[in-house]
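Asker: Here it is, the structure, as structure tokens.
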Amino acid sequence: MLNQLSLIDLVVMILLLLIMPTAGIWVAMRKKNAERYFLAGRSIRWWTVAASVFGSNISSFHLIGMLGIGYSIGFVQAHYEIVFPAVLLLAYVFLASYRRLGLFTLSQYLEVRYSPAARLTYTVLLVLIILVQLVGAFYVGSITLQWLFGGTAFAISYTGGLLLIALITSSYTLWGGMESIVITDTIQSVLMLAAGTAVAFFTFTQPEIGGFSGMLALDAAQPAAAQKMHLYLPASHPTLPWTGIFTGLMLQHCFNFATNQFLVQRALAAASDDDARKGLIASGFLKLTVPFFSIATGVAAYYLFEARFGGADFNADSTFLRLVETVIPSGIGLTGLIVAGLTAATFSSVDSMMNAATTLLTVDVYQKYFRQDASDRQLLRFGRGCILALVLAATTIAWFTYTPDRANQFFLKVSAQLSYFTPGIMAAFLFGILSPRSGAKGALLAMALGPLFGVSAEWIWRIIFAKDLNFLHRIALTFLFACTMMGFFNQASDQMQQQGKLLEGVSIRSFLRAIGIFFLLQLPVAALLVFGGWQPIKVAPLGAAAALAAFWPWLQGRQKPLWQDDMFYASVLTAASVFIYYYFA
């Protein structure tokens with residue numbers, strides 16, 4: 001719990017928090033048509049795409065929880081923030097087809113590519129996923145607000161937190177739609193980065209830590225089993241095995257960034273293909289900062305508390321606030337900045353979820369099945385009604401499921417299990433882009449039967465091996481099953497095959513060649529690390545150079561200067577990510 005905030009902290013916090021709804025409401029006052037409301041008039045520039053994707057993907061619980069995991073487990077959690085394969089998949093495989101069709105929703109792509117039934121199936125699954133995530137965001141967001149402001153003049157109850165989240169996010173989302181959301185997401189991203197960077201800076205500059213290099217030295221001095229700054233755990237690890245990281249987790253990233261309306265909607269709203277690609281790549285760089293200002297800071301907190309207090313016996317999720325009280329100078333407004341950043345992060349995912357679900361319900365249900373000739377005014381009225389219904393539903397469910405014991409939250413557990421639905425969706429989109437022969441029957445079976453296969457696989461695994469199947473391995477197995485369905489039922493009609501050829505993003509040959517070149521260049525580098533006994537610090541630059549070399553054939557002959565070319569920045573993002581993979585092996 002934070003100590004009583006000083007006057008300057010209160011002033012800084014209030015001023016910063018007022019900026020967000022004020023900007024959102026100001027944008028909301030502009031006259032709207034359906035395209036401006038749901039996709040910001042397809043006019044947002046790359047830096048806004050980047051900030052909006054980042055802000056939608058990161059929440060206060062995410063930041064606090066990541067730091068706590070760094071404190072308790074270690075740097076391995078950074079894999080959740082290394083998303084370059086998913087970013088490149090959307091930017092260079094899926095995006096051209098999405099934007100060529102002028103989509104409002106990704107489900108519209110499935111209708112054009114497969115059938116109306118595939119479109120409706122995706123809509124139902126995504127609205128379900130978003131609703132449960134929205135309930136979780138309200139639940140955790142309110143608890144976080146309780147926690148942040150407990151003991152201050154702004155102490156708030158759980159119910160009050162729910163109402164505050166509902167009121168603030170609705171104040172600009174209801175009337176401004178996507179146009180307001182991308183503005184507030186940008187502000188939220190700046191506040192989140194400022195808050196996280198401030199905590200990291202003052203933690204690493206403590207004399208007991210001695211900077212990032214000092215923290216690495218402290219960690220290296222520990223017995224191998226106790227070291228925290230490593231990215232890989234054994235294949236038998238129950239939570240994050242390395243085999244699951246490079247299979248199930250990669251697939252989950254690809255779903256989130258390439259086939260999830262929640263995040264892809266920002267790329268659809270971009271002013272141009274170039275803005276969309278650059279914004280997505282920039283969001284990948286922003287995601288790479290989280291392991292260092294959040295997770296690594298949690299590791300540093302572990303060594304700081306060991307040195308200063310002889311250890312700290314408290315819930316890992318309390319690490320963030322305990323760290324703020326320990327390292328942040330008082331009386332200069334920094335604590336107010338940090339609290340404002342975390343409070344803004346509480347709202348950053350909620351508004352985006354509401355807008356995504358509303359777009360799906362309005363375009364794919366109301367306009368498709370009830371009012372095909374709906375005017376902009378009717379679409380906006382229905383969309384705003386959906387937002388009110390979603391806010392009411394999420395607030396009510398979160399209120400009824402409240403329990404002081406945060407380890408036993410039913411709906412958050414359900415949210416964690418929503419990965420049952422994602423492998424089938426991913427397979428339907430991937431085959432739709434890469435294989436013109438893929439038919440509607442295979443896509444429907446992949447999406448509908450995937451969850452049943454996942455449940456069955458866990459049950460069979462438990463019977464045979466007398467232990468639980470890791471959920472990342474389950475995602476990978478379910479994806480293979482979904483791909484089998486897509487391959488077995490691949491007899492598309494001539495018309496559907498022709499449509500698939502028109503919509504394909506890249507040829508499957510080019511796709512496989514790019515992957516093959518990347519892994520071929522990385523193979524000898526990985527061999528030096530695993531079999532050659534080379535130290536990670538020596539292998540990491542070689543891995544990064546090999547990643548850059550993999551992009552060389554695609555950079556040749558391009559018309560733009562390197563500093564203007566999105567492919568160049570994609571290569572740098574890939575190289576930076578590969579460097580992290582090796583350096584912290």
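We label chains A, B, ... in the order they appear in the structure tokens, count residues from 1 in each chain, and number ligands from 1 in the order shown.
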When you look at Phe481 of chain A with a cut-off of 9 Å (counting only C-alpha atoms), what residues show up, excluding the ones that are within fewer than 3 positions of it in the same chain? I need them as a list in words.

Answerer: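 My reading of the contact set: Pro423, Gly424, Ala446, Gly450, Phe453, Ala476, Leu477, Thr478, Thr484, Met485 and Met486 of chain A.
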
Asker: Based on the selection just made, write N, CA and C atoms of those residues as a CSV table (one decimal), in the first residue's frame.

Answerer:
```csv
chain,number,residue,atom,x,y,z
A,423,PRO,N,-6.6,-21.9,-31.4
A,423,PRO,CA,-5.9,-22.6,-32.5
A,423,PRO,C,-6.7,-22.9,-33.7
A,424,GLY,N,-8.0,-23.2,-33.6
A,424,GLY,CA,-8.9,-23.4,-34.7
A,424,GLY,C,-9.1,-22.2,-35.6
A,446,ALA,N,-12.6,-26.9,-38.0
A,446,ALA,CA,-11.4,-26.5,-37.3
A,446,ALA,C,-11.8,-25.5,-36.1
A,450,GLY,N,-12.1,-27.6,-32.6
A,450,GLY,CA,-10.8,-27.4,-31.9
A,450,GLY,C,-10.9,-27.4,-30.4
A,453,PHE,N,-11.4,-30.9,-29.1
A,453,PHE,CA,-10.2,-31.7,-29.1
A,453,PHE,C,-9.3,-31.3,-28.0
A,476,ALA,N,-0.6,-26.3,-29.0
A,476,ALA,CA,0.1,-26.8,-30.2
A,476,ALA,C,-0.6,-28.0,-30.8
A,477,LEU,N,-1.0,-28.9,-29.9
A,477,LEU,CA,-1.7,-30.1,-30.4
A,477,LEU,C,-3.0,-29.8,-31.0
A,478,THR,N,-3.7,-28.9,-30.4
A,478,THR,CA,-5.0,-28.5,-31.0
A,478,THR,C,-4.8,-27.8,-32.4
A,484,THR,N,-5.1,-30.5,-39.5
A,484,THR,CA,-5.6,-31.7,-40.1
A,484,THR,C,-7.0,-31.6,-40.7
A,485,MET,N,-7.9,-31.0,-40.0
A,485,MET,CA,-9.2,-30.8,-40.5
A,485,MET,C,-9.2,-29.9,-41.7
A,486,MET,N,-8.4,-28.9,-41.7
A,486,MET,CA,-8.3,-28.0,-42.9
A,486,MET,C,-7.7,-28.8,-44.1
```

Asker: Write out as a list of chain:residue names the residues lying within 7 Å of segment 384-399 of chain A, counting only C-alpha atoms and excluding same-chain residues fewer than 5 positions away.

Answerer: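 Here the answer would be A:Leu134, A:Val135, A:Phe138, A:Tyr139, A:Thr159, A:Leu162, A:Ala166, A:Leu174, A:Met354, A:Thr358.
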
Asker: Closest to Phe421 of chain A among A:Thr105, A:Asn57, A:Asn256, A:Gln146, using only C-alpha atoms?

Answerer: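 That would be A:Asn256, the residue with the smallest distance to Phe421 of chain A.
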
Asker: Quote the spacing between atom CA of Ile281 of chain A and atom CA of Val578 of chain A in Å to one decimal place.

Answerer: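 Atom-to-atom, atom CA of Ile281 of chain A and atom CA of Val578 of chain A are spaced 15.1 Å apart.
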
Asker: Got a sec: who's within 7 Å of Arg42 of chain A, counting only C-alpha atoms, leaving out chain neighbours fewer than 4 positions off, as a ChimeraX atom specification?

Answerer: /A:268-271

Asker: Can you write out the residues you just picked, keeping C-alpha atoms, as a PDB file, in the first residue's frame?

Answerer:
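Full text of part34.pdb as output:
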```pdb
ATOM      1  CA  LEU A 268      -7.471  -1.734 -40.481  1.00  0.00           C
ATOM      2  CA  ALA A 269      -7.894   1.883 -39.320  1.00  0.00           C
ATOM      3  CA  ALA A 270      -4.454   2.997 -40.583  1.00  0.00           C
ATOM      4  CA  ALA A 271      -4.224   5.687 -43.249  1.00  0.00           C
TER       5      ALA A 271
END
```

Asker: Neighbouring residues of segment 286-300 of chain A were defined as those with any atom within 8 Å, considering only C-alpha atoms; residues of the same chain fewer than 2 positions away were excluded. Please report them as number ranges by chain.

Answerer: A: 50, 54, 63-64, 66-72, 74-75, 77-78, 81-83, 196-197, 199-200, 203-204, 209, 215, 228-229, 282-284, 302-304, 319-320, 577

Asker: May I have the residues from that selection written out with C-alpha atoms, as a PDB file, in the first residue's frame?

Answerer:
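Saved result, again_10.pdb, follows:
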```pdb
ATOM      1  CA  ALA A  50       1.840   1.637 -32.559  1.00  0.00           C
ATOM      2  CA  PHE A  54       0.640  -1.276 -27.292  1.00  0.00           C
ATOM      3  CA  LEU A  63       2.657  -4.256 -15.622  1.00  0.00           C
ATOM      4  CA  ILE A  64       2.321  -5.019 -11.914  1.00  0.00           C
ATOM      5  CA  MET A  66       4.967  -8.911 -14.887  1.00  0.00           C
ATOM      6  CA  LEU A  67       7.172  -7.202 -12.316  1.00  0.00           C
ATOM      7  CA  GLY A  68       5.905  -9.596  -9.649  1.00  0.00           C
ATOM      8  CA  ILE A  69       6.703 -12.609 -11.854  1.00  0.00           C
ATOM      9  CA  GLY A  70      10.195 -11.227 -12.418  1.00  0.00           C
ATOM     10  CA  TYR A  71      10.562 -10.997  -8.626  1.00  0.00           C
ATOM     11  CA  SER A  72       9.279 -14.511  -7.938  1.00  0.00           C
ATOM     12  CA  GLY A  74      12.501 -14.566 -13.265  1.00  0.00           C
ATOM     13  CA  PHE A  75      13.096 -13.233 -16.764  1.00  0.00           C
ATOM     14  CA  GLN A  77       8.203 -14.324 -18.574  1.00  0.00           C
ATOM     15  CA  ALA A  78       9.763 -12.045 -21.214  1.00  0.00           C
ATOM     16  CA  GLU A  81       6.528  -9.778 -24.900  1.00  0.00           C
ATOM     17  CA  ILE A  82       8.731 -11.067 -27.750  1.00  0.00           C
ATOM     18  CA  VAL A  83       6.135 -11.062 -30.502  1.00  0.00           C
ATOM     19  CA  GLY A 196       7.476   1.909 -15.826  1.00  0.00           C
ATOM     20  CA  THR A 197      10.687   3.679 -16.859  1.00  0.00           C
ATOM     21  CA  VAL A 199      10.417   2.722 -11.431  1.00  0.00           C
ATOM     22  CA  ALA A 200      13.070   0.858 -13.421  1.00  0.00           C
ATOM     23  CA  THR A 203      15.513   0.608  -8.928  1.00  0.00           C
ATOM     24  CA  PHE A 204      18.584  -0.059 -11.039  1.00  0.00           C
ATOM     25  CA  ILE A 209      22.109  -3.071  -7.567  1.00  0.00           C
ATOM     26  CA  MET A 215      22.083  -6.819 -11.466  1.00  0.00           C
ATOM     27  CA  LYS A 228      16.616 -15.602 -12.556  1.00  0.00           C
ATOM     28  CA  MET A 229      17.905 -13.874 -15.706  1.00  0.00           C
ATOM     29  CA  ALA A 282       6.886  -0.066 -33.853  1.00  0.00           C
ATOM     30  CA  SER A 283       4.461  -1.785 -31.463  1.00  0.00           C
ATOM     31  CA  GLY A 284       6.777  -4.798 -31.543  1.00  0.00           C
ATOM     32  CA  TYR A 302      14.447  -9.384  -5.481  1.00  0.00           C
ATOM     33  CA  TYR A 303      18.149  -8.653  -4.980  1.00  0.00           C
ATOM     34  CA  LEU A 304      17.446  -5.184  -3.563  1.00  0.00           C
ATOM     35  CA  THR A 319       6.345  -6.042  -5.268  1.00  0.00           C
ATOM     36  CA  PHE A 320       5.538  -3.052  -7.479  1.00  0.00           C
ATOM     37  CA  SER A 577      14.505 -10.185 -30.559  1.00  0.00           C
TER      38      SER A 577
END
```

Asker: My list of candidates is A:Arg462, A:Arg119, A:Lys278, A:Arg381. Which is closest to Gln564 of chain A when distances are computed with only C-alpha atoms?

Answerer: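 For Gln564 of chain A, the nearest of the candidates is A:Lys278.
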
Asker: Which is closer to Arg100 of chain A than all the others in A:Phe479, A:Phe471, A:Asp273, A:His237, using only C-alpha atoms?

Answerer: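 That would be A:Asp273, the residue with the smallest distance to Arg100 of chain A.
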
Asker: Measuring atom to atom with only C-alpha atoms, identify which of A:Asn470, A:Ser157, A:Thr48, A:Ser60 is nearest to Ile245 of chain A.

Answerer: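 Among the listed residues, A:Asn470 lies closest to Ile245 of chain A.
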
Asker: So, with only C-alpha atoms as the atoms that count, which of A:Ala547, A:Met353, A:Trp552, A:Phe370 lies closest to Leu573 of chain A?

Answerer: A:Ala547

Asker: With only C-alpha atoms as the counted atoms, please give the residues lying no more than 9 Å from segment 522-536 of chain A, apart from itself and same-chain residues fewer than 4 positions off, as an MDAnalysis selection string.

Answerer: chainID A and resid 517:518 540 542:543 546:547 582:585

Asker: Work out how far atom CA of Glu325 of chain A is from atom CA of Val11 of chain A, in Å to one decimal.

Answerer: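 Separation of atom CA of Val11 of chain A and atom CA of Glu325 of chain A: 18.5 Å.
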